[in-house]
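Colleague: The structure under discussion is supplied below as structure tokens; questions concerning it will follow.
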Amino acid sequence: MAWYRSSGGLWKAALQVAEWAAPQEPAYSVFRGPWRSATVQMLQRAGWASQAAPAAQGEAAAVDPAFDPSRGFVRGGYTVAHFPPARIRNFSIIAHVDHGKSTLADRLLEATGAIAAGGQAQYLDKLQVERERGITVKAQTVSLVYRHSDGADYLLNLIDTPGHVDFSYEVSRSLAACQGALLLVDASQGVQAQTVANFFLAFEQDLAIVPVLNKCDMHSAEPGRVAQQLKDAFDIEPPECLRVSAKTGLGLCAVLPAVVERIPPPVGSPDGDLRMLLFDAYHDEYRGVVCLVEVLDGRVQKGDRITAASSGTNYEVGEVGLLAPEPYPTGELLTGQVGYMLVGMKDTRSARVGDTWHHYRKPVPPLPGFKPAKSMVFAGIFPLSAAGFEQLQAAMERLTLNDASVTVRRENSNALGAGFRCGFLGLLHMDVFRQRLEQEHGASVIVTAPTVPCRVVLPGGEERELQNPAEFPTSTKIAAVWEPTVAATIVTPNDYVGSIMQLCQDRRGDMQEHAVLGAGRTLLKYHLPLAELGGDFYDELKSVSSGYASFDYEEAEYRVADLQRLDILINGEAVDALARIVHRDKAQAVGRRLCTKLRDLMDRQQFEVALQAQAGGRIVARETLKAFRKNVLAKCYGGDVSRKRKLLEKQKEGKKRMRRLGSVDVPQEVFHELMKAGNKS
Ligand SMILES: Nc1nc2c(ncn2[C@@H]2O[C@H](COP(=O)(O)OP(=O)(O)OP(=O)(O)O)[C@@H](O)[C@H]2O)c(=O)[nH]1
């Protein structure tokens with residue numbers, strides 16, 4: 001030991017040199033092979049590298065005999081009968097956006113042989129939008145087999161959940177099928193808003209929580225400080241925190257032992273009547289609806305007749321198995337096991353997540369069920385040209401099969417013709433839906449500005465819930481308007497508290513709580529109108545906090561607000577698709593901003609076009625688009641015919657992406673840009 005300590009100074013100096021040579025890399029990375037392990041080990045013993053010393057890629061698998069890539073469920077030749085409840089652990093990975101859930105899931109899948117090492121990154125993020133945006137949208141389930149130090153094999157069912165607030169519904173229903181959760185926190189960013197929200201989701205469901213500090217390989221990682229934050233925020237003792245790097249493999253060998261030792265097994269009675277929780281469902285093009293279930297009591301087998309408690313509908317189990325990670329039929333699922341089931345269902349809307357399923361004519365006390373997902377924002381979706389309606393309709397049908405949280409109803413707009421009014425869980429959800437419509441189903445669409453639902457009370461006491469600003473009455477008197485609000489949580493470094501408070505005040509927010517989180521961070525709780533979160537709120541929050549503040553919200557009550565309809569008139573004609581609902585104090589400023597934006601975005605026409613904003617029966621803003629024939633050949637000197645033809649072709653192409661409103665052509669981007677512009681004054 002003394003040897004390590006005395007020669008440690010020399011090693012430390014060598015590392016210093018290495019760090020100068022390659023500042024982006026951890027200093028250890030210049031040492032290879034046995035040198036590297038010796039360096040890391042010695043620094044750890046000398047107390048300098050502590051746990052922040054990363055192992056090389058894949059090193060964890062080499063150093064921990066418990067990790068055995070030949071032991072996947074399928075490869076290991078197991079059956080579900082190998083796993084009684086005592087040898088099952090059902091857990092989720094929860095975290096703030098980008099703290100590394102999907103990467104950690106990859107490592108655990110590799111280490112237990114479920115997938116080959118070094119394959120596709122973020123294996124569980126299967127959708128194209130998930131890959132392009134680097135976010136998880138849909139929770140994914142996978143079963144792993146792990147041999148613990150007690151010599152026994154355990155069946156671990158892991159659910160990777162989305163981090164973004166819009167998809168917190170996915171998180172809460174995934175947690176219902178778990179007894180524990182890995183709470184992952186980025187060791188350089190520390191506790192963020194969704195860390196707080198997800199912690200409480202898990203805490204309320206009484207789950208065992210295993211805190212994991214990730215990204216400990218980064219130079220900026222401060223695991224000690226972040227562990228203290230977890231202590232201050234959630235009363236988690238610092239020694240409970242595992243320190244890992246999902247990227248390099250550092251410390252990963254402690255994760256699965258902690259899952260086995262700290263998360264309780266599912267409790268249920270293997271000999272009781274079948275009681276199953278349906279916690280998720282998705283649509284597969286070839287197999288129809290795939291239901292994800294946890295068997296709470298009893299067992300279910302292929303061919304069994306089962307009943308959905310909520311509707312009384314009967315089904316026959318066509319196939320049942322584990323996700324390992326691809327669907328693997330096992331013929332049965334036993335108490336405590338989480339798996340998939342095909343019951344011949346055609347539409348995901350028939351699969352009421354949160355439902356209790358039991359054997360035909362053997363009813364059991366139903367579970368409390370889940371609160372249905374609630375649409376927070378609404379927007380109109382229209383085809384770019386009227387001829388595209390049927391294609392859009394087909395695309396909508398196929399996509400909503402897969403995403404039952406979108407509500408859809410037919411709508412007719414004076415300006416845009418036939419289309420749909422859709423309800424989404426939030427703005428990101430809306431944008432992801434639009435992207436999937438275009439990418440996966442080839443539909444070209446116009447999406448109108450998102451609005452939140454509001455309740456209008458007429459003088460006679462009649463109450464109407466409006467999802468479309470164009471339905472907001474302008475001619476009749478209104479007794480009151482109620483708008484939805486949210487309880488927002490913001491976590492920020494202390495330096496930005498002032499500017500964030502200013503931003504929330506501008507957005508009509510009421511402060512509810514101001515708490516110091518420790519380690520230089522503050523937690524702010526605000527009551528904010530949901531409508532104020534539209535468009536640019538996130539961008540503003542990021543810009544006033546240099547990108548450091550994080551934000552989460554949950555639905556709160558409706559409150560009375562002084563709202564009115566703002567219409568946009570093009571050449572004197574109100575365009576219903578551009579109408580929005582705004583606070584009376586902001587109507588003029590928002591109107592001005594929209595008119596200016598429209599003027600800048602629209603091409604000039606051969607005649608003058610008046611762009612006006614109207615609120616409360618009067619014009620509050622006006623811009624004029626001067627007459628002009630856009631000469632695309634203006635900059636094309638000389639007589640190169642082919643170049644001129646190319647430009648004219650391009651102009652023609654551009655015209656295809658226009659929508660004709662009255663006598664005026666409006667490019668698709670106008671709708672897109674106006675959609676992004678929030679109700680900021
Ligand atoms: N340096 C470092 N980077 C990491 C580590 N783990 C994840 N990352 C990186 O962090 C980014 C986000 O990782 P993801 O695994 O997609 O994060 P996520 O939490 O699943 O993200 P969402 O699903 O969108 O919430 C990726 O660029 C990863 O490569 C780590 O231990 N060290």
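Chain labels follow the order of the structure tokens: the first chain is A, the next B, and so on; residue numbering restarts at 1 in every chain, and ligands are counted from 1 in their shown order.
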How would you write, as a ChimeraX atom specification, the set of residues in stretch 365-459 of chain A that DSSP gives as alpha helix (DSSP H)?
Modeller: /A:389-402,427-441
Colleague: Got a sec: who's within 7 Å of stretch 296-302 of chain A, counting only C-alpha atoms, leaving out chain neighbours fewer than 3 positions off, as number ranges by chain?
Modeller: A: 268-276, 317-320, 331-336
Colleague: Save out the residues we just selected, N, CA and C atoms, as a compact mmCIF listing (two decimals), in the first residue's frame.
Modeller:
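Contents of again25.txt, freshly written:
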# COMPACT_ATOMS: atom_id res chain seq x y z
N GLY A 268 -47.07 -11.57 -5.32
CA GLY A 268 -48.29 -12.02 -5.99
C GLY A 268 -48.47 -13.47 -5.63
N SER A 269 -49.66 -13.97 -5.92
CA SER A 269 -49.82 -15.37 -5.54
C SER A 269 -49.88 -16.25 -6.79
N PRO A 270 -48.84 -17.09 -6.95
CA PRO A 270 -48.75 -17.92 -8.16
C PRO A 270 -49.93 -18.87 -8.30
N ASP A 271 -50.57 -19.23 -7.18
CA ASP A 271 -51.68 -20.18 -7.29
C ASP A 271 -53.05 -19.50 -7.36
N GLY A 272 -53.04 -18.15 -7.29
CA GLY A 272 -54.31 -17.43 -7.29
C GLY A 272 -54.91 -17.35 -8.69
N ASP A 273 -56.11 -16.71 -8.77
CA ASP A 273 -56.73 -16.48 -10.08
C ASP A 273 -55.92 -15.44 -10.85
N LEU A 274 -55.98 -15.54 -12.17
CA LEU A 274 -55.19 -14.62 -13.00
C LEU A 274 -55.63 -13.17 -12.80
N ARG A 275 -54.65 -12.30 -12.53
CA ARG A 275 -54.90 -10.86 -12.47
C ARG A 275 -53.73 -10.21 -13.19
N MET A 276 -54.04 -9.47 -14.27
CA MET A 276 -52.97 -8.90 -15.11
C MET A 276 -53.19 -7.41 -15.26
N VAL A 317 -56.07 -15.62 -26.04
CA VAL A 317 -54.63 -15.34 -26.10
C VAL A 317 -54.03 -16.13 -27.27
N GLY A 318 -53.58 -15.39 -28.30
CA GLY A 318 -53.03 -16.04 -29.49
C GLY A 318 -51.55 -16.33 -29.32
N GLU A 319 -50.86 -15.41 -28.65
CA GLU A 319 -49.41 -15.60 -28.46
C GLU A 319 -49.03 -14.85 -27.19
N VAL A 320 -48.10 -15.38 -26.45
CA VAL A 320 -47.67 -14.73 -25.22
C VAL A 320 -46.17 -14.99 -25.07
N GLY A 331 -45.17 -19.20 -24.58
CA GLY A 331 -46.35 -20.04 -24.34
C GLY A 331 -47.09 -19.70 -23.07
N GLU A 332 -46.41 -19.07 -22.12
CA GLU A 332 -47.09 -18.68 -20.88
C GLU A 332 -46.30 -17.57 -20.18
N LEU A 333 -46.98 -16.90 -19.27
CA LEU A 333 -46.34 -15.92 -18.40
C LEU A 333 -46.80 -16.23 -16.98
N LEU A 334 -45.85 -16.15 -16.04
CA LEU A 334 -46.17 -16.53 -14.66
C LEU A 334 -46.20 -15.29 -13.77
N THR A 335 -46.63 -15.50 -12.54
CA THR A 335 -46.76 -14.39 -11.58
C THR A 335 -45.48 -13.55 -11.52
N GLY A 336 -45.66 -12.24 -11.59
CA GLY A 336 -44.53 -11.31 -11.47
C GLY A 336 -43.86 -11.00 -12.79
Colleague: If you run DSSP over the backbone, which residues in stretch 219-379 of chain A end up strand (DSSP E or B)? Put them as an NGL selection string.
Modeller: :A and (242-243 or 275-284 or 288-297 or 300-301 or 305-308 or 314-316 or 319-323 or 327-329 or 332-333 or 338-342 or 356-359 or 377-379)
Colleague: Might you pull out every residue within 6 Å of stretch 617-621 of chain A, with only C-alpha atoms counted and same-chain residues fewer than 6 positions away left off, and present them as a ChimeraX atom specification?
Modeller: /A:588,591-592
Colleague: With distances taken over only C-alpha atoms and all ligand atoms, which residue among A:Arg89, A:Arg107, A:Arg643, A:Arg521 lies nearest ligand 1?
Modeller: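 That would be A:Arg107, the residue with the smallest distance to ligand 1.
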Colleague: Residues within 6 Å of stretch 376-393 of chain A, please, as a list of chain:residue names. Count only C-alpha atoms; anything in the same chain fewer than 6 positions from it doesn't count.
Modeller: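 With the cut-off at 6 Å, the set is A:Gly419, A:Phe420, A:Arg421, A:Cys422, A:Gly423, A:Phe424, A:Leu425, A:Gly426, A:Ala443, A:Ser444, A:Val445, A:Ile446, A:Val447, A:Thr448, A:Pro450, A:Thr451, A:Val452.
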